[in-house]
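Have a look at my_file23.csv below; it lists CSV, C-alpha atoms.
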```
chain,number,residue,atom,x,y,z
A,1,MET,CA,92.4,95.5,68.0
A,2,SER,CA,91.1,92.0,67.4
A,3,ALA,CA,89.2,91.2,64.2
A,4,LEU,CA,85.5,91.0,64.4
A,5,LEU,CA,84.8,90.5,60.7
A,6,GLU,CA,87.3,89.2,58.3
A,7,ILE,CA,86.7,89.0,54.5
A,8,GLU,CA,89.2,87.2,52.3
A,9,GLY,CA,89.0,86.7,48.5
A,10,LEU,CA,85.3,87.4,48.3
A,11,HIS,CA,83.6,87.1,44.9
A,12,ALA,CA,79.9,87.7,44.3
A,13,TRP,CA,77.4,87.5,41.5
A,14,TYR,CA,74.0,88.6,40.4
A,15,GLY,CA,73.0,85.8,38.1
A,16,ALA,CA,75.8,85.7,35.5
A,17,SER,CA,77.1,89.2,36.4
A,18,HIS,CA,80.3,88.9,38.4
A,19,VAL,CA,80.3,92.0,40.7
A,20,LEU,CA,82.9,91.4,43.5
A,21,HIS,CA,86.4,90.3,42.4
A,22,GLY,CA,88.3,89.1,45.4
A,23,VAL,CA,87.5,91.6,48.2
A,24,ASP,CA,89.9,91.5,51.3
A,25,LEU,CA,88.8,93.6,54.2
A,26,SER,CA,88.5,93.4,58.0
A,27,ILE,CA,86.7,95.3,60.8
A,28,GLY,CA,87.9,95.3,64.4
A,29,GLU,CA,86.0,95.3,67.7
A,30,GLY,CA,84.1,98.6,68.0
A,31,GLU,CA,85.7,100.0,64.8
A,32,VAL,CA,83.8,102.2,62.3
A,33,LEU,CA,84.9,101.6,58.7
A,34,ALA,CA,83.7,103.9,55.9
A,35,LEU,CA,83.4,102.3,52.5
A,36,SER,CA,83.4,104.7,49.5
A,37,GLY,CA,83.6,104.3,45.8
A,38,ARG,CA,81.6,105.3,42.6
A,39,ASN,CA,78.2,103.9,41.8
A,40,GLY,CA,78.6,100.4,40.5
A,41,SER,CA,81.9,99.7,42.3
A,42,GLY,CA,80.4,96.9,44.4
A,43,ARG,CA,79.8,98.6,47.7
A,44,SER,CA,76.2,97.6,48.2
A,45,THR,CA,76.9,94.1,46.9
A,46,LEU,CA,79.6,93.6,49.5
A,47,GLY,CA,77.1,94.4,52.3
A,48,LYS,CA,74.6,91.9,50.8
A,49,ALA,CA,77.3,89.2,50.4
A,50,ILE,CA,78.3,89.5,54.0
A,51,MET,CA,74.7,89.0,55.0
A,52,GLY,CA,74.3,86.0,52.7
A,53,LEU,CA,71.8,87.8,50.3
A,54,VAL,CA,73.7,87.1,47.1
A,55,ARG,CA,75.7,84.2,45.6
A,56,SER,CA,79.3,84.4,46.7
A,57,GLU,CA,82.6,82.5,47.0
A,58,GLY,CA,85.4,83.2,49.4
A,59,ARG,CA,85.8,83.6,53.1
A,60,VAL,CA,83.7,85.7,55.5
A,61,LEU,CA,84.6,85.0,59.1
A,62,TRP,CA,82.7,86.3,62.1
A,63,ARG,CA,84.9,86.0,65.2
A,64,GLY,CA,86.8,83.3,63.2
A,65,VAL,CA,83.6,81.4,62.4
A,66,PRO,CA,82.7,81.0,58.7
A,67,LEU,CA,79.4,82.6,57.6
A,68,LYS,CA,79.4,80.9,54.2
A,69,GLY,CA,76.2,78.9,53.7
A,70,LEU,CA,74.3,80.4,56.6
A,71,ARG,CA,70.9,81.9,55.9
A,72,PRO,CA,70.6,85.7,56.5
A,73,PHE,CA,68.5,85.3,59.7
A,74,ARG,CA,71.2,83.1,61.2
A,75,ILE,CA,73.9,85.6,60.4
A,76,ALA,CA,71.8,88.3,62.0
A,77,ARG,CA,71.4,86.2,65.2
A,78,LEU,CA,75.2,85.9,65.5
A,79,GLY,CA,75.4,89.7,66.0
A,80,LEU,CA,75.3,91.4,62.5
A,81,GLY,CA,72.8,94.1,61.7
A,82,TYR,CA,72.0,95.3,58.2
A,83,VAL,CA,70.2,98.5,57.1
A,84,PRO,CA,69.8,98.4,53.3
A,85,GLU,CA,69.6,101.4,51.1
A,86,GLN,CA,66.0,100.6,50.3
A,87,ARG,CA,65.3,100.5,54.1
A,88,ASP,CA,62.9,97.5,53.7
A,89,ILE,CA,60.5,98.5,56.5
A,90,PHE,CA,57.2,96.6,56.7
A,91,PRO,CA,54.8,99.1,55.2
A,92,THR,CA,51.5,97.6,56.5
A,93,LEU,CA,52.7,97.4,60.1
A,94,THR,CA,52.8,100.3,62.5
A,95,VAL,CA,56.0,101.9,63.6
A,96,ARG,CA,55.8,100.2,67.0
A,97,GLU,CA,55.1,96.8,65.4
A,98,ASN,CA,58.2,97.2,63.1
A,99,LEU,CA,60.3,98.0,66.2
A,100,LEU,CA,58.9,95.0,68.1
A,101,LEU,CA,59.7,92.7,65.2
A,102,GLY,CA,63.4,93.8,65.4
A,103,ALA,CA,63.7,93.7,69.2
A,104,ARG,CA,65.9,91.1,70.9
A,105,PRO,CA,65.0,90.1,74.4
A,106,GLY,CA,67.7,91.1,76.9
A,107,ALA,CA,69.3,93.6,74.5
A,108,ARG,CA,72.3,95.3,76.1
A,109,ARG,CA,73.2,98.1,73.8
A,110,PHE,CA,70.0,99.4,72.2
A,111,THR,CA,66.3,99.0,73.2
A,112,ILE,CA,63.0,100.4,71.9
A,113,ASP,CA,63.2,103.1,74.6
A,114,ASP,CA,66.5,104.1,73.2
A,115,ALA,CA,65.0,104.4,69.7
A,116,TYR,CA,62.3,106.7,71.0
A,117,ARG,CA,64.8,108.8,72.9
A,118,LEU,CA,67.1,109.2,69.9
A,119,PHE,CA,64.3,109.6,67.3
A,120,PRO,CA,61.4,111.3,69.1
A,121,VAL,CA,59.3,111.4,65.9
A,122,LEU,CA,59.0,107.6,66.2
A,123,VAL,CA,57.0,108.2,69.5
A,124,GLU,CA,54.7,110.5,67.7
A,125,ARG,CA,54.3,108.1,64.8
A,126,ALA,CA,54.2,104.9,66.9
A,127,ALA,CA,50.6,103.9,65.8
A,128,VAL,CA,51.0,105.0,62.2
A,129,LYS,CA,51.5,102.5,59.4
A,130,ALA,CA,55.2,102.6,58.3
A,131,GLY,CA,54.3,102.8,54.7
A,132,VAL,CA,53.0,106.4,55.0
A,133,LEU,CA,56.1,107.7,56.8
A,134,SER,CA,58.4,110.2,55.0
A,135,GLY,CA,61.7,109.0,53.7
A,136,GLY,CA,63.6,110.4,56.7
A,137,GLU,CA,61.2,108.8,59.1
A,138,GLN,CA,61.5,105.4,57.3
A,139,GLN,CA,65.3,105.7,57.6
A,140,MET,CA,65.1,106.3,61.3
A,141,LEU,CA,62.7,103.4,61.7
A,142,ALA,CA,64.9,101.0,59.6
A,143,LEU,CA,67.9,101.9,61.7
A,144,ALA,CA,66.1,101.7,65.0
A,145,ARG,CA,64.6,98.3,64.1
A,146,THR,CA,68.0,96.9,63.1
A,147,LEU,CA,69.6,98.1,66.3
A,148,GLY,CA,66.8,96.6,68.3
A,149,GLY,CA,68.5,93.2,67.5
A,150,ASP,CA,71.4,94.3,69.6
A,151,PRO,CA,74.1,93.8,66.9
A,152,GLU,CA,77.8,94.0,67.6
A,153,LEU,CA,78.4,95.2,64.0
A,154,VAL,CA,75.9,97.2,61.8
A,155,ILE,CA,76.2,97.4,58.0
A,156,ILE,CA,74.5,100.7,56.9
A,157,ASP,CA,74.1,101.4,53.2
A,158,GLU,CA,73.9,105.1,52.3
A,159,PRO,CA,72.3,106.3,55.6
A,160,ALA,CA,72.2,110.0,54.5
A,161,GLU,CA,70.8,109.4,51.0
A,162,GLY,CA,67.9,111.7,50.1
A,163,LEU,CA,67.5,113.0,53.7
A,164,ALA,CA,67.1,116.6,54.9
A,165,PRO,CA,70.1,118.0,56.7
A,166,GLN,CA,68.2,118.0,60.1
A,167,VAL,CA,67.4,114.2,59.7
A,168,VAL,CA,71.0,113.5,58.6
A,169,ARG,CA,72.2,115.1,61.9
A,170,GLN,CA,69.8,112.9,63.9
A,171,VAL,CA,71.0,109.8,62.2
A,172,ALA,CA,74.6,110.9,62.8
A,173,GLU,CA,73.9,111.5,66.5
A,174,CYS,CA,72.4,108.0,66.7
A,175,LEU,CA,75.5,106.4,65.1
A,176,ALA,CA,77.8,108.4,67.4
A,177,THR,CA,75.9,107.0,70.4
A,178,LEU,CA,76.3,103.5,69.0
A,179,LYS,CA,80.0,104.0,68.6
A,180,GLN,CA,80.2,105.2,72.2
A,181,ARG,CA,78.5,101.9,73.2
A,182,GLY,CA,81.1,99.8,71.3
A,183,VAL,CA,79.1,98.9,68.2
A,184,ALA,CA,81.3,98.4,65.1
A,185,MET,CA,80.0,99.7,61.8
A,186,LEU,CA,80.5,99.4,58.1
A,187,LEU,CA,79.2,102.7,56.7
A,188,ILE,CA,78.7,102.5,53.0
A,189,GLU,CA,78.6,106.1,51.7
A,190,GLN,CA,79.6,107.6,48.4
A,191,ARG,CA,79.8,111.2,49.6
A,192,MET,CA,81.0,110.5,53.2
A,193,THR,CA,78.4,112.8,54.7
A,194,ILE,CA,78.2,111.0,58.0
A,195,ALA,CA,81.3,108.9,57.9
A,196,ARG,CA,83.9,111.6,58.1
A,197,GLY,CA,83.0,112.5,61.7
A,198,LEU,CA,82.7,108.9,62.8
A,199,ALA,CA,84.9,106.5,60.9
A,200,ASP,CA,88.3,105.3,62.2
A,201,ARG,CA,89.4,104.5,58.7
A,202,VAL,CA,88.2,104.5,55.1
A,203,ALA,CA,88.3,101.9,52.3
A,204,VAL,CA,87.6,102.6,48.6
A,205,MET,CA,86.1,100.1,46.2
A,206,GLY,CA,86.7,100.1,42.4
A,207,HIS,CA,85.6,97.4,39.9
A,208,GLY,CA,84.6,95.1,42.7
A,209,ALA,CA,87.8,95.1,44.7
A,210,ILE,CA,89.4,97.2,47.5
A,211,VAL,CA,91.7,99.8,45.9
A,212,PHE,CA,92.5,101.7,49.1
A,213,ASP,CA,92.4,101.0,52.9
A,214,GLY,CA,93.7,103.6,55.3
A,215,SER,CA,93.2,106.9,57.1
A,216,PHE,CA,91.2,109.8,55.7
A,217,ASP,CA,94.4,111.9,55.6
A,218,ALA,CA,96.2,109.2,53.6
A,219,LEU,CA,93.2,109.1,51.2
A,220,ALA,CA,93.2,112.9,50.7
A,221,ALA,CA,96.9,112.8,50.0
A,222,SER,CA,96.6,110.1,47.3
A,223,GLU,CA,95.9,111.9,44.1
A,224,ARG,CA,95.9,108.6,42.2
A,225,VAL,CA,93.1,107.1,44.3
A,226,MET,CA,91.1,110.3,44.3
A,227,ASN,CA,91.4,110.8,40.6
A,228,ASP,CA,91.0,107.2,39.5
A,229,TRP,CA,88.4,105.9,41.9
A,230,LEU,CA,86.5,108.8,43.5
A,231,SER,CA,86.3,111.9,41.3
A,232,ILE,CA,83.5,112.3,38.8
A,233,GLY,CA,83.9,113.6,35.3
```
Final structure tokens representation of the file:
Amino acid sequence: MSALLEIEGLHAWYGASHVLHGVDLSIGEGEVLALSGRNGSGRSTLGKAIMGLVRSEGRVLWRGVPLKGLRPFRIARLGLGYVPEQRDIFPTLTVRENLLLGARPGARRFTIDDAYRLFPVLVERAAVKAGVLSGGEQQMLALARTLGGDPELVIIDEPAEGLAPQVVRQVAECLATLKQRGVAMLLIEQRMTIARGLADRVAVMGHGAIVFDGSFDALAASERVMNDWLSIG
């Protein structure tokens, strides 16, 4: 499997706070990688660093091309999509207007019609201001808007956080469809609610670095990783 995204020795900061400490990671064509770890381990910061949203040093390569120094919208146009934990929908615009803003002409993998088929509630709420949607509806909208850009890889931060089980199932079904269409994903999840059924492998972060990278079976068999980096209490 050829590498789509390669990360080498990545460091990142929020102001004077040094959060990432030399992250090495790669994602192949069409691969789904789950990223786990305790709160504060640096998982969300890694997603932001890839997209150029925080100060960073190190190498982030997209199909061998350095992303360092590119503005986030340029990174997105290269084929990377990002769904932050906060969702960041445009609250004063309607659902349809949000989707149109994210749409890319000539999209091959995902269109607005796909969004409506996978998330029927978005059809019902198409003319509603996004700011009045429920948390689950906002998550569906944020995901659909990002996918409208026809990305080759999507970074999704805590897609199941705070959602009802029925909504989690809908989001999981959407991600499964994307996998079938060859879209690679970085699923950032602490509890692995969705990732267990989708991911090809799992990586674990601790203190701003990758402390494990392998299969779910290998992770379950590693008492050291489970006890030192994942268990609570």
### Query
Using all atoms listed in the file, which residues sit within 9 Å of Gly42 (chain A) once same-chain residues fewer than 6 positions away are excluded, as number ranges by chain?
A: 19-20, 205-209
### Query
Can you tell me how far CA of Leu219 (chain A) sits from CA of Ala203 (chain A), in Å to one decimal?
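Those two atoms sit 8.8 Å apart.
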### Query
When distances are computed from all atoms listed in the file, which of A:Ile89, A:Leu4, A:Leu10, A:Val60 shows the smallest separation from Ala130 (chain A)?
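Smallest distance to Ala130 (chain A) is found for A:Ile89.
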### Task
Please measure the separation of CA of Gly28 (chain A) and CA of Ser2 (chain A), giving the value in Å to one decimal.
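Separating CA of Gly28 (chain A) from CA of Ser2 (chain A) is a distance of 5.5 Å.
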### Task
Go through A:Ala115, A:Leu53, A:Leu46, A:Met226 and flag the residue nearest Gln170 (chain A), using only C-alpha atoms for the distances.
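Closest to Gln170 (chain A), using only C-alpha atoms: A:Ala115.
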### Message
Would you pick out the contacts of Phe73 (chain A) at 9 Å or less, using all atoms listed in the file, so that residues sharing its chain but fewer than 4 positions from it are not included, and give the list as a PyMOL selection string?
### Response
chain A and resi 51+77-78
### Message
Just the number, please: distance in Å from CA of Leu61 (chain A) to CA of Glu6 (chain A), one decimal.
### Response
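Spanning CA of Leu61 (chain A) to CA of Glu6 (chain A) is a straight-line distance of 5.1 Å.
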Once you count only C-alpha atoms, what closest atom pair and distance in Å to one decimal does each residue of region 6-93 of chain A within 8 Å of region 184-188 of chain A have, with rows by chain and rising residue number, as JSON lines?
```
{"residue": "A:Ile27", "atom": "CA", "partner": "A:Ala184", "partner_atom": "CA", "distance": 7.6}
{"residue": "A:Gly28", "atom": "CA", "partner": "A:Ala184", "partner_atom": "CA", "distance": 7.3}
{"residue": "A:Glu29", "atom": "CA", "partner": "A:Ala184", "partner_atom": "CA", "distance": 6.2}
{"residue": "A:Gly30", "atom": "CA", "partner": "A:Ala184", "partner_atom": "CA", "distance": 4.0}
{"residue": "A:Glu31", "atom": "CA", "partner": "A:Ala184", "partner_atom": "CA", "distance": 4.7}
{"residue": "A:Val32", "atom": "CA", "partner": "A:Met185", "partner_atom": "CA", "distance": 4.6}
{"residue": "A:Leu33", "atom": "CA", "partner": "A:Leu186", "partner_atom": "CA", "distance": 5.0}
{"residue": "A:Ala34", "atom": "CA", "partner": "A:Leu187", "partner_atom": "CA", "distance": 4.7}
{"residue": "A:Leu35", "atom": "CA", "partner": "A:Ile188", "partner_atom": "CA", "distance": 4.7}
{"residue": "A:Ser36", "atom": "CA", "partner": "A:Ile188", "partner_atom": "CA", "distance": 6.3}
{"residue": "A:Arg43", "atom": "CA", "partner": "A:Ile188", "partner_atom": "CA", "distance": 6.7}
{"residue": "A:Ser44", "atom": "CA", "partner": "A:Ile188", "partner_atom": "CA", "distance": 7.3}
```
### Task
Would you please work out which residue, of A:Leu153, A:Val167, A:Ala160, A:Ala103, is nearest to Glu137 (chain A) when using all atoms listed in the file?
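Using all atoms listed in the file, Glu137 (chain A) sits closest to A:Val167.
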### Task
Rank nothing, just name the residue among A:Pro151, A:Gly131, A:Gly214, A:Ser231 nearest to Arg181 (chain A), using only C-alpha atoms.
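Result for the nearest residue to Arg181 (chain A): A:Pro151.
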### Task
Choose the residue, out of A:Gly149, A:Pro120, A:Gly64, A:Gly135, that has the smallest atom-to-atom separation from Leu100 (chain A); count all atoms listed in the file.
A:Gly149
### Query
Any idea what's packed within 9 Å of Arg104 (chain A), counting only C-alpha atoms, ignoring anything in its chain fewer than 6 positions away? Could you give it as a list in words?
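Counting only C-alpha atoms, the residues come to Thr111, Gly148, Gly149 and Asp150 of chain A.
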### Query
Residues at most 8 Å from Val168 (chain A), counting all atoms listed in the file, excluding those fewer than 5 positions away in the same chain, as a list in words?
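Here the qualifying residues turn out to be Pro159, Ala160, Leu163 and Ile194 of chain A.
The shortest atom-to-atom distance to Glu189 (chain A), with only C-alpha atoms taken into account, belongs to A:Val202 out of A:Ile112, A:Gly69, A:Trp62, A:Val202.
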Reconstructed all heavy atoms for region 217-228 of chain A, given as an mmCIF file, in the coordinates of the input:
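The file below, selection.cif, is the result:
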```
data_model
loop_
_atom_site.group_PDB
_atom_site.id
_atom_site.type_symbol
_atom_site.label_atom_id
_atom_site.label_comp_id
_atom_site.auth_asym_id
_atom_site.auth_seq_id
_atom_site.Cartn_x
_atom_site.Cartn_y
_atom_site.Cartn_z
ATOM 1 N N ASP A 217 93.252 111.034 56.043
ATOM 2 C CA ASP A 217 94.400 111.900 55.600
ATOM 3 C C ASP A 217 95.165 111.246 54.510
ATOM 4 O O ASP A 217 95.559 111.926 53.539
ATOM 5 C CB ASP A 217 95.290 112.171 56.827
ATOM 6 C CG ASP A 217 94.669 113.116 57.838
ATOM 7 O OD1 ASP A 217 93.684 113.810 57.473
ATOM 8 O OD2 ASP A 217 95.152 113.173 58.979
ATOM 9 N N ALA A 218 95.412 109.945 54.621
ATOM 10 C CA ALA A 218 96.200 109.200 53.600
ATOM 11 C C ALA A 218 95.359 109.221 52.277
ATOM 12 O O ALA A 218 95.930 109.342 51.186
ATOM 13 C CB ALA A 218 96.486 107.831 54.022
ATOM 14 N N LEU A 219 94.052 109.084 52.377
ATOM 15 C CA LEU A 219 93.200 109.100 51.200
ATOM 16 C C LEU A 219 93.275 110.465 50.498
ATOM 17 O O LEU A 219 93.452 110.560 49.282
ATOM 18 C CB LEU A 219 91.766 108.769 51.544
ATOM 19 C CG LEU A 219 90.750 108.855 50.400
ATOM 20 C CD1 LEU A 219 91.107 107.901 49.272
ATOM 21 C CD2 LEU A 219 89.340 108.565 50.922
ATOM 22 N N ALA A 220 93.149 111.537 51.294
ATOM 23 C CA ALA A 220 93.200 112.900 50.700
ATOM 24 C C ALA A 220 94.526 113.177 50.064
ATOM 25 O O ALA A 220 94.602 113.955 49.103
ATOM 26 C CB ALA A 220 92.914 113.917 51.817
ATOM 27 N N ALA A 221 95.594 112.549 50.565
ATOM 28 C CA ALA A 221 96.900 112.800 50.000
ATOM 29 C C ALA A 221 97.228 111.940 48.782
ATOM 30 O O ALA A 221 98.233 112.169 48.103
ATOM 31 C CB ALA A 221 97.989 112.499 51.087
ATOM 32 N N SER A 222 96.352 110.983 48.488
ATOM 33 C CA SER A 222 96.600 110.100 47.300
ATOM 34 C C SER A 222 95.853 110.602 46.115
ATOM 35 O O SER A 222 94.668 110.330 45.925
ATOM 36 C CB SER A 222 96.144 108.668 47.678
ATOM 37 O OG SER A 222 96.291 107.835 46.553
ATOM 38 N N GLU A 223 96.563 111.336 45.276
ATOM 39 C CA GLU A 223 95.900 111.900 44.100
ATOM 40 C C GLU A 223 95.480 110.742 43.141
ATOM 41 O O GLU A 223 94.454 110.852 42.471
ATOM 42 C CB GLU A 223 96.931 112.772 43.309
ATOM 43 C CG GLU A 223 97.244 114.074 44.032
ATOM 44 C CD GLU A 223 98.096 115.002 43.180
ATOM 45 O OE1 GLU A 223 98.198 114.766 41.961
ATOM 46 O OE2 GLU A 223 98.660 115.956 43.740
ATOM 47 N N ARG A 224 96.245 109.660 43.103
ATOM 48 C CA ARG A 224 95.900 108.600 42.200
ATOM 49 C C ARG A 224 94.532 107.963 42.594
ATOM 50 O O ARG A 224 93.656 107.786 41.734
ATOM 51 C CB ARG A 224 96.954 107.459 42.276
ATOM 52 C CG ARG A 224 96.658 106.265 41.358
ATOM 53 C CD ARG A 224 97.619 105.126 41.601
ATOM 54 N NE ARG A 224 97.507 104.574 42.950
ATOM 55 C CZ ARG A 224 96.549 103.705 43.308
ATOM 56 N NH1 ARG A 224 95.627 103.322 42.443
ATOM 57 N NH2 ARG A 224 96.521 103.238 44.543
ATOM 58 N N VAL A 225 94.341 107.675 43.886
ATOM 59 C CA VAL A 225 93.100 107.100 44.300
ATOM 60 C C VAL A 225 91.936 108.084 44.119
ATOM 61 O O VAL A 225 90.863 107.729 43.616
ATOM 62 C CB VAL A 225 93.149 106.663 45.802
ATOM 63 C CG1 VAL A 225 91.781 106.181 46.295
ATOM 64 C CG2 VAL A 225 94.186 105.558 45.976
ATOM 65 N N MET A 226 92.162 109.340 44.498
ATOM 66 C CA MET A 226 91.100 110.300 44.300
ATOM 67 C C MET A 226 90.709 110.523 42.884
ATOM 68 O O MET A 226 89.523 110.589 42.552
ATOM 69 C CB MET A 226 91.592 111.691 44.928
ATOM 70 C CG MET A 226 91.849 111.664 46.427
ATOM 71 S SD MET A 226 90.369 111.356 47.430
ATOM 72 C CE MET A 226 89.443 112.863 47.113
ATOM 73 N N ASN A 227 91.691 110.582 41.996
ATOM 74 C CA ASN A 227 91.400 110.800 40.600
ATOM 75 C C ASN A 227 90.842 109.569 39.885
ATOM 76 O O ASN A 227 89.911 109.658 39.083
ATOM 77 C CB ASN A 227 92.651 111.276 39.843
ATOM 78 C CG ASN A 227 93.094 112.656 40.262
ATOM 79 O OD1 ASN A 227 92.261 113.473 40.700
ATOM 80 N ND2 ASN A 227 94.371 112.945 40.142
ATOM 81 N N ASP A 228 91.425 108.411 40.204
ATOM 82 C CA ASP A 228 91.000 107.200 39.500
ATOM 83 C C ASP A 228 89.773 106.551 39.985
ATOM 84 O O ASP A 228 89.045 105.919 39.217
ATOM 85 C CB ASP A 228 92.179 106.160 39.555
ATOM 86 C CG ASP A 228 93.427 106.581 38.786
ATOM 87 O OD1 ASP A 228 93.365 107.599 38.073
ATOM 88 O OD2 ASP A 228 94.457 105.894 38.918
#
```
